[in-house]
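This is model_19.cif. It holds mmCIF, C-alpha atoms.
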```
data_input
#
loop_
_atom_site.label_atom_id
_atom_site.label_comp_id
_atom_site.auth_asym_id
_atom_site.auth_seq_id
_atom_site.Cartn_x
_atom_site.Cartn_y
_atom_site.Cartn_z
CA MET A 1 -12.52 3.78 -25.68
CA ILE A 2 -10.35 5.44 -23.06
CA ASP A 3 -7.56 7.64 -24.37
CA VAL A 4 -5.01 8.95 -21.87
CA LYS A 5 -2.44 11.49 -23.07
CA ASN A 6 0.50 13.03 -21.23
CA LEU A 7 -0.96 12.34 -17.80
CA ILE A 8 1.04 13.88 -14.95
CA LYS A 9 0.26 13.28 -11.29
CA THR A 10 2.27 14.55 -8.34
CA TYR A 11 1.78 14.70 -4.58
CA LYS A 12 3.19 17.28 -2.23
CA SER A 13 5.12 15.64 0.61
CA GLN A 14 7.27 17.43 3.19
CA GLY A 15 7.36 20.55 1.07
CA LYS A 16 8.48 18.71 -2.06
CA ARG A 17 6.67 17.37 -5.10
CA LYS A 18 6.75 13.60 -5.55
CA ILE A 19 6.12 12.48 -9.13
CA ILE A 20 3.68 9.56 -9.42
CA PHE A 21 3.13 9.70 -13.19
CA LYS A 22 5.14 11.68 -15.70
CA LYS A 23 3.45 12.01 -19.08
CA ILE A 24 2.00 8.50 -19.32
CA ASN A 25 0.04 7.59 -22.45
CA PHE A 26 -2.22 4.64 -23.24
CA THR A 27 -5.36 3.75 -25.16
CA ILE A 28 -7.89 1.09 -24.21
CA LYS A 29 -10.26 0.03 -26.98
CA ASP A 30 -13.99 -0.56 -26.51
CA GLY A 31 -14.61 -3.99 -24.97
CA GLU A 32 -10.94 -4.52 -24.13
CA SER A 33 -10.13 -5.73 -20.60
CA VAL A 34 -6.67 -4.72 -19.44
CA ALA A 35 -4.47 -4.93 -16.36
CA PHE A 36 -1.89 -2.56 -14.91
CA LEU A 37 0.80 -4.48 -13.07
CA GLY A 38 3.40 -3.08 -10.72
CA ARG A 39 4.95 -3.27 -7.29
CA ASN A 40 3.39 -1.58 -4.28
CA GLY A 41 3.84 2.17 -4.41
CA THR A 42 3.99 2.49 -8.20
CA GLY A 43 0.68 4.37 -8.40
CA LYS A 44 -1.72 1.60 -9.47
CA SER A 45 -4.48 2.57 -7.04
CA THR A 46 -3.94 6.25 -7.80
CA LEU A 47 -4.48 5.54 -11.50
CA ILE A 48 -7.73 3.69 -10.76
CA ARG A 49 -9.00 6.62 -8.67
CA ILE A 50 -8.08 9.07 -11.44
CA LEU A 51 -9.92 7.03 -14.09
CA ALA A 52 -12.95 6.88 -11.79
CA GLY A 53 -12.91 10.65 -11.33
CA CYS A 54 -12.28 10.30 -7.59
CA GLU A 55 -8.92 12.03 -7.73
CA SER A 56 -7.52 14.93 -9.73
CA TYR A 57 -4.32 15.02 -11.78
CA ASP A 58 -1.87 17.81 -12.57
CA SER A 59 -2.08 17.90 -16.37
CA GLY A 60 -2.79 15.89 -19.49
CA PHE A 61 -6.21 14.63 -20.51
CA ILE A 62 -8.47 11.60 -20.32
CA LYS A 63 -11.07 11.13 -23.04
CA THR A 64 -13.74 8.43 -23.04
CA ASN A 65 -17.11 7.67 -24.60
CA GLN A 66 -18.04 4.99 -22.06
CA SER A 67 -19.53 4.83 -18.59
CA ILE A 68 -16.94 3.97 -15.92
CA SER A 69 -17.67 2.52 -12.50
CA TRP A 70 -16.36 3.75 -9.20
CA PRO A 71 -13.46 1.52 -8.05
CA ILE A 72 -15.04 -1.83 -7.14
CA ALA A 73 -15.00 -2.48 -3.41
CA LEU A 74 -14.42 1.23 -2.72
CA GLN A 75 -15.54 1.63 0.89
CA GLY A 76 -15.09 5.38 1.23
CA GLY A 77 -18.55 6.14 -0.13
CA PHE A 78 -20.44 4.48 2.72
CA GLN A 79 -21.83 6.39 5.71
CA GLY A 80 -20.79 4.67 8.92
CA SER A 81 -23.88 5.53 10.95
CA LEU A 82 -26.26 4.07 8.34
CA THR A 83 -27.03 0.38 7.94
CA GLY A 84 -25.91 -1.56 4.89
CA ARG A 85 -29.45 -1.42 3.54
CA GLU A 86 -29.73 2.35 4.11
CA ASN A 87 -26.41 2.93 2.34
CA ILE A 88 -27.61 0.93 -0.67
CA VAL A 89 -30.90 2.86 -0.78
CA PHE A 90 -29.03 6.18 -0.65
CA ILE A 91 -26.68 5.28 -3.51
CA CYS A 92 -29.52 3.84 -5.60
CA LYS A 93 -31.47 7.07 -5.22
CA LEU A 94 -28.48 9.03 -6.52
CA PHE A 95 -28.64 6.95 -9.73
CA HIS A 96 -32.34 6.12 -10.04
CA GLY A 97 -34.24 8.75 -8.06
CA ASN A 98 -37.28 7.35 -6.26
CA LYS A 99 -37.94 4.36 -8.52
CA GLU A 100 -38.97 2.00 -5.73
CA ASP A 101 -39.09 -1.15 -7.88
CA VAL A 102 -35.52 -0.55 -9.11
CA ILE A 103 -34.29 0.18 -5.58
CA ARG A 104 -35.94 -2.96 -4.18
CA SER A 105 -34.33 -5.03 -6.93
CA LYS A 106 -30.86 -3.61 -6.15
CA ILE A 107 -31.34 -4.24 -2.43
CA ARG A 108 -32.27 -7.88 -3.05
CA PHE A 109 -29.24 -8.36 -5.28
CA VAL A 110 -26.74 -6.76 -2.90
CA LYS A 111 -28.18 -8.51 0.17
CA LYS A 112 -27.89 -11.90 -1.50
CA PHE A 113 -24.44 -11.22 -2.94
CA ALA A 114 -22.91 -9.80 0.24
CA ASP A 115 -24.39 -12.60 2.35
CA ILE A 116 -23.63 -10.87 5.66
CA GLY A 117 -26.81 -12.01 7.41
CA PRO A 118 -28.34 -9.70 10.03
CA TYR A 119 -25.45 -7.23 9.65
CA PHE A 120 -27.14 -5.97 6.48
CA ASP A 121 -29.54 -4.09 8.75
CA MET A 122 -26.93 -3.01 11.29
CA SER A 123 -24.71 0.06 11.37
CA TYR A 124 -21.90 -0.01 8.80
CA ASN A 125 -19.52 0.98 11.60
CA LEU A 126 -19.94 -2.52 13.05
CA TYR A 127 -18.75 -4.27 9.88
CA SER A 128 -15.44 -6.08 9.58
CA SER A 129 -13.25 -5.20 6.58
CA GLY A 130 -14.42 -8.42 4.91
CA MET A 131 -18.10 -7.52 5.31
CA ARG A 132 -17.42 -4.04 3.94
CA SER A 133 -15.75 -5.52 0.87
CA ARG A 134 -18.66 -7.92 0.34
CA LEU A 135 -21.18 -5.10 0.49
CA ALA A 136 -19.14 -2.84 -1.78
CA PHE A 137 -18.51 -5.53 -4.40
CA GLY A 138 -22.18 -6.51 -4.42
CA LEU A 139 -23.21 -2.88 -4.87
CA SER A 140 -20.80 -2.44 -7.80
CA MET A 141 -22.14 -5.55 -9.54
CA ALA A 142 -25.73 -4.33 -9.07
CA PHE A 143 -25.11 -1.48 -11.51
CA LYS A 144 -24.44 -1.58 -15.24
CA PHE A 145 -21.29 0.13 -16.51
CA ASP A 146 -19.34 -0.20 -19.75
CA ILE A 147 -16.09 -0.43 -17.78
CA TYR A 148 -15.52 -1.69 -14.24
CA LEU A 149 -12.45 -0.65 -12.25
CA LEU A 150 -10.88 -3.37 -10.10
CA ASP A 151 -8.23 -2.68 -7.48
CA GLU A 152 -6.98 -6.04 -6.10
CA VAL A 153 -10.57 -6.75 -5.02
CA THR A 154 -10.61 -10.47 -5.76
CA ALA A 155 -7.82 -10.96 -3.23
CA VAL A 156 -10.29 -10.11 -0.45
CA GLY A 157 -12.49 -12.66 1.28
CA ASP A 158 -12.73 -16.41 1.66
CA ILE A 159 -12.62 -18.98 -1.14
CA GLU A 160 -16.39 -19.02 -1.67
CA PHE A 161 -16.56 -15.24 -1.92
CA LYS A 162 -13.68 -15.21 -4.42
CA LYS A 163 -15.62 -17.73 -6.53
CA LYS A 164 -18.70 -15.52 -6.35
CA CYS A 165 -16.62 -12.52 -7.47
CA LYS A 166 -15.21 -14.46 -10.42
CA ILE A 167 -18.67 -15.59 -11.54
CA ALA A 168 -19.96 -12.01 -11.30
CA ILE A 169 -17.05 -10.74 -13.40
CA GLU A 170 -17.63 -13.44 -16.04
CA LYS A 171 -21.31 -12.47 -16.21
CA LYS A 172 -20.44 -8.81 -16.79
CA LEU A 173 -17.98 -9.80 -19.52
CA LYS A 174 -20.75 -11.76 -21.26
CA GLU A 175 -22.91 -8.64 -21.06
CA ASN A 176 -20.18 -6.81 -23.06
CA SER A 177 -18.71 -4.87 -20.17
CA SER A 178 -14.94 -4.78 -19.72
CA PHE A 179 -12.55 -4.42 -16.79
CA ILE A 180 -9.53 -2.34 -15.96
CA SER A 181 -7.64 -4.09 -13.18
CA VAL A 182 -4.58 -3.25 -11.14
CA SER A 183 -2.63 -5.96 -9.40
CA ASN A 184 0.76 -7.28 -8.33
CA SER A 185 0.18 -10.49 -10.30
CA ILE A 186 -1.48 -11.51 -13.55
CA SER A 187 -2.26 -15.03 -12.34
CA ALA A 188 -5.88 -14.38 -11.26
CA LEU A 189 -6.73 -12.10 -14.20
CA ASP A 190 -7.46 -14.64 -16.93
CA TYR A 191 -9.97 -12.31 -18.65
CA VAL A 192 -7.29 -9.68 -19.40
CA LYS A 193 -6.34 -9.12 -23.05
CA LYS A 194 -3.58 -6.53 -22.60
CA VAL A 195 -1.11 -5.80 -19.79
CA PHE A 196 0.61 -2.50 -18.96
CA ILE A 197 3.58 -2.43 -16.59
CA ILE A 198 3.84 0.61 -14.32
#
```
Final structure tokens representation of the file:
Amino acid sequence: MIDVKNLIKTYKSQGKRKIIFKKINFTIKDGESVAFLGRNGTGKSTLIRILAGCESYDSGFIKTNQSISWPIALQGGFQGSLTGRENIVFICKLFHGNKEDVIRSKIRFVKKFADIGPYFDMSYNLYSSGMRSRLAFGLSMAFKFDIYLLDEVTAVGDIEFKKKCKIAIEKKLKENSSFISVSNSISALDYVKKVFII
């Protein structure tokens, strides 16, 4: 379960405080996949980053008893001078220490999923935005979380990659994980059981 109470988030801009959220409240039950819908600029991505623990908030509280992913396709955690493979190894070691068999398994999964050919062993700085999204999505799917955070990710990439993303999401749902998604449209989110408008 995720229980959010009286959440307030503001940004300081040009010497003034801009209110993003003012005492929002919601509860998401265990195993419940939900979507937050809203126009651009309503704070959807900010909410995802807050739930992931990547961004602070002014006041209120968030309580959960479940493991939550980083935002899927988040590219900010990759080191540009490292190769795709080296980035995956680094992140795997943060979670699994030096368990070589686990790390090798994750590398195989991400390499196959991302399907970026020789770029997997080239500097991340050389990647296009599409290749970065492929690598990031593959990395997210390589780990097991109770809840995955999706920020418009399935809108990225070609048709075949979108199909691959959808299959990966369906597999995680069958494994009893759930998703919190933010989007401008509900049309591609057929796994969602509840919708919040922000």
* Picked residues, the PyMOL selection byres ((chain A and resi 107-116) around 7), as a ChimeraX atom specification -> /A:85,88,103-106,117-120,131,134-135,138-139,142
Please produce a file of those selected residues containing C-alpha atoms, as a compact mmCIF listing (two decimals), keeping the file's coordinate frame.
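Wrote it out as again.txt, contents follow:
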```
# COMPACT_ATOMS: atom_id res chain seq x y z
CA ARG A 85 -29.45 -1.42 3.54
CA ILE A 88 -27.61 0.93 -0.67
CA ILE A 103 -34.29 0.18 -5.58
CA ARG A 104 -35.94 -2.96 -4.18
CA SER A 105 -34.33 -5.03 -6.93
CA LYS A 106 -30.86 -3.61 -6.15
CA GLY A 117 -26.81 -12.01 7.41
CA PRO A 118 -28.34 -9.70 10.03
CA TYR A 119 -25.45 -7.23 9.65
CA PHE A 120 -27.14 -5.97 6.48
CA MET A 131 -18.10 -7.52 5.31
CA ARG A 134 -18.66 -7.92 0.34
CA LEU A 135 -21.18 -5.10 0.49
CA GLY A 138 -22.18 -6.51 -4.42
CA LEU A 139 -23.21 -2.88 -4.87
CA ALA A 142 -25.73 -4.33 -9.07
```
* Picked residues, the PyMOL selection byres ((chain A and resi 124) around 12), expected as a VMD selection string -> chain A and resid 75 to 88 116 118 to 123 125 to 133 135 to 136
Write the residues of the preceding selection, restricted to C-alpha atoms, as a PDB file, in the coordinates of the input.
```pdb
ATOM      1  CA  GLN A  75     -15.540   1.630   0.890  1.00  0.00           C
ATOM      2  CA  GLY A  76     -15.090   5.380   1.230  1.00  0.00           C
ATOM      3  CA  GLY A  77     -18.550   6.140  -0.130  1.00  0.00           C
ATOM      4  CA  PHE A  78     -20.440   4.480   2.720  1.00  0.00           C
ATOM      5  CA  GLN A  79     -21.830   6.390   5.710  1.00  0.00           C
ATOM      6  CA  GLY A  80     -20.790   4.670   8.920  1.00  0.00           C
ATOM      7  CA  SER A  81     -23.880   5.530  10.950  1.00  0.00           C
ATOM      8  CA  LEU A  82     -26.260   4.070   8.340  1.00  0.00           C
ATOM      9  CA  THR A  83     -27.030   0.380   7.940  1.00  0.00           C
ATOM     10  CA  GLY A  84     -25.910  -1.560   4.890  1.00  0.00           C
ATOM     11  CA  ARG A  85     -29.450  -1.420   3.540  1.00  0.00           C
ATOM     12  CA  GLU A  86     -29.730   2.350   4.110  1.00  0.00           C
ATOM     13  CA  ASN A  87     -26.410   2.930   2.340  1.00  0.00           C
ATOM     14  CA  ILE A  88     -27.610   0.930  -0.670  1.00  0.00           C
ATOM     15  CA  ILE A 116     -23.630 -10.870   5.660  1.00  0.00           C
ATOM     16  CA  PRO A 118     -28.340  -9.700  10.030  1.00  0.00           C
ATOM     17  CA  TYR A 119     -25.450  -7.230   9.650  1.00  0.00           C
ATOM     18  CA  PHE A 120     -27.140  -5.970   6.480  1.00  0.00           C
ATOM     19  CA  ASP A 121     -29.540  -4.090   8.750  1.00  0.00           C
ATOM     20  CA  MET A 122     -26.930  -3.010  11.290  1.00  0.00           C
ATOM     21  CA  SER A 123     -24.710   0.060  11.370  1.00  0.00           C
ATOM     22  CA  ASN A 125     -19.520   0.980  11.600  1.00  0.00           C
ATOM     23  CA  LEU A 126     -19.940  -2.520  13.050  1.00  0.00           C
ATOM     24  CA  TYR A 127     -18.750  -4.270   9.880  1.00  0.00           C
ATOM     25  CA  SER A 128     -15.440  -6.080   9.580  1.00  0.00           C
ATOM     26  CA  SER A 129     -13.250  -5.200   6.580  1.00  0.00           C
ATOM     27  CA  GLY A 130     -14.420  -8.420   4.910  1.00  0.00           C
ATOM     28  CA  MET A 131     -18.100  -7.520   5.310  1.00  0.00           C
ATOM     29  CA  ARG A 132     -17.420  -4.040   3.940  1.00  0.00           C
ATOM     30  CA  SER A 133     -15.750  -5.520   0.870  1.00  0.00           C
ATOM     31  CA  LEU A 135     -21.180  -5.100   0.490  1.00  0.00           C
ATOM     32  CA  ALA A 136     -19.140  -2.840  -1.780  1.00  0.00           C
TER      33      ALA A 136
END
```
* Name the residues that the PyMOL selection byres ((chain A and resi 6) around 12) pulls out of this structure, and write them as a list of chain:residue names. =>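 Output of the PyMOL selection byres ((chain A and resi 6) around 12): A:Asp3, A:Val4, A:Lys5, A:Leu7, A:Ile8, A:Lys9, A:Phe21, A:Lys22, A:Lys23, A:Ile24, A:Asn25, A:Phe26, A:Thr27, A:Tyr57, A:Asp58, A:Ser59, A:Gly60, A:Phe61, A:Ile62, A:Lys63.
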* **Residues near region 185-194 of chain A, cut-off 8 Å, all atoms listed in the file, skip fewer than 5 positions along chain, as a VMD selection string** => chain A and resid 32 to 35 37 179
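Residues within 9 Å of Ile147 (chain A), counting all atoms listed in the file and excluding same-chain residues fewer than 6 positions away, are Asp30, Gly31, Ser33, Gln66, Ser67, Ile68, Ser69, Ser177, Ser178, Phe179 and Ile180 of chain A.
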* To do: Please measure the separation of CA of Phe196 (chain A) and CA of Pro71 (chain A), giving the value in Å to one decimal.
  =>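 If I compute the distance from CA of Phe196 (chain A) to CA of Pro71 (chain A), I get 18.3 Å.
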* Just how far from CA of Ser181 (chain A) is CA of Lys12 (chain A), in Å to one decimal? ->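 Rounded to one decimal, the two atoms are 26.3 Å apart.
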Centre and edge lengths, as lines of an AutoDock Vina configuration file, for the axis-aligned box enclosing every listed atom of region 8-12 of chain A with 4 Å of padding on each of the six sides, in Å to one decimal?
```
center_x = 1.7
center_y = 15.3
center_z = -8.6
size_x = 10.9
size_y = 12.0
size_z = 20.7
```
* Asked: What gap, in Å, lies between CA of Lys164 (chain A) and CA of Val102 (chain A)?
  ->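 If I compute the distance from CA of Lys164 (chain A) to CA of Val102 (chain A), I get 22.7 Å.
Nearest to His96 (chain A) of all the residues A:Phe137, A:Phe143, A:Arg49, A:Leu173 is A:Phe143, based on all atoms listed in the file.
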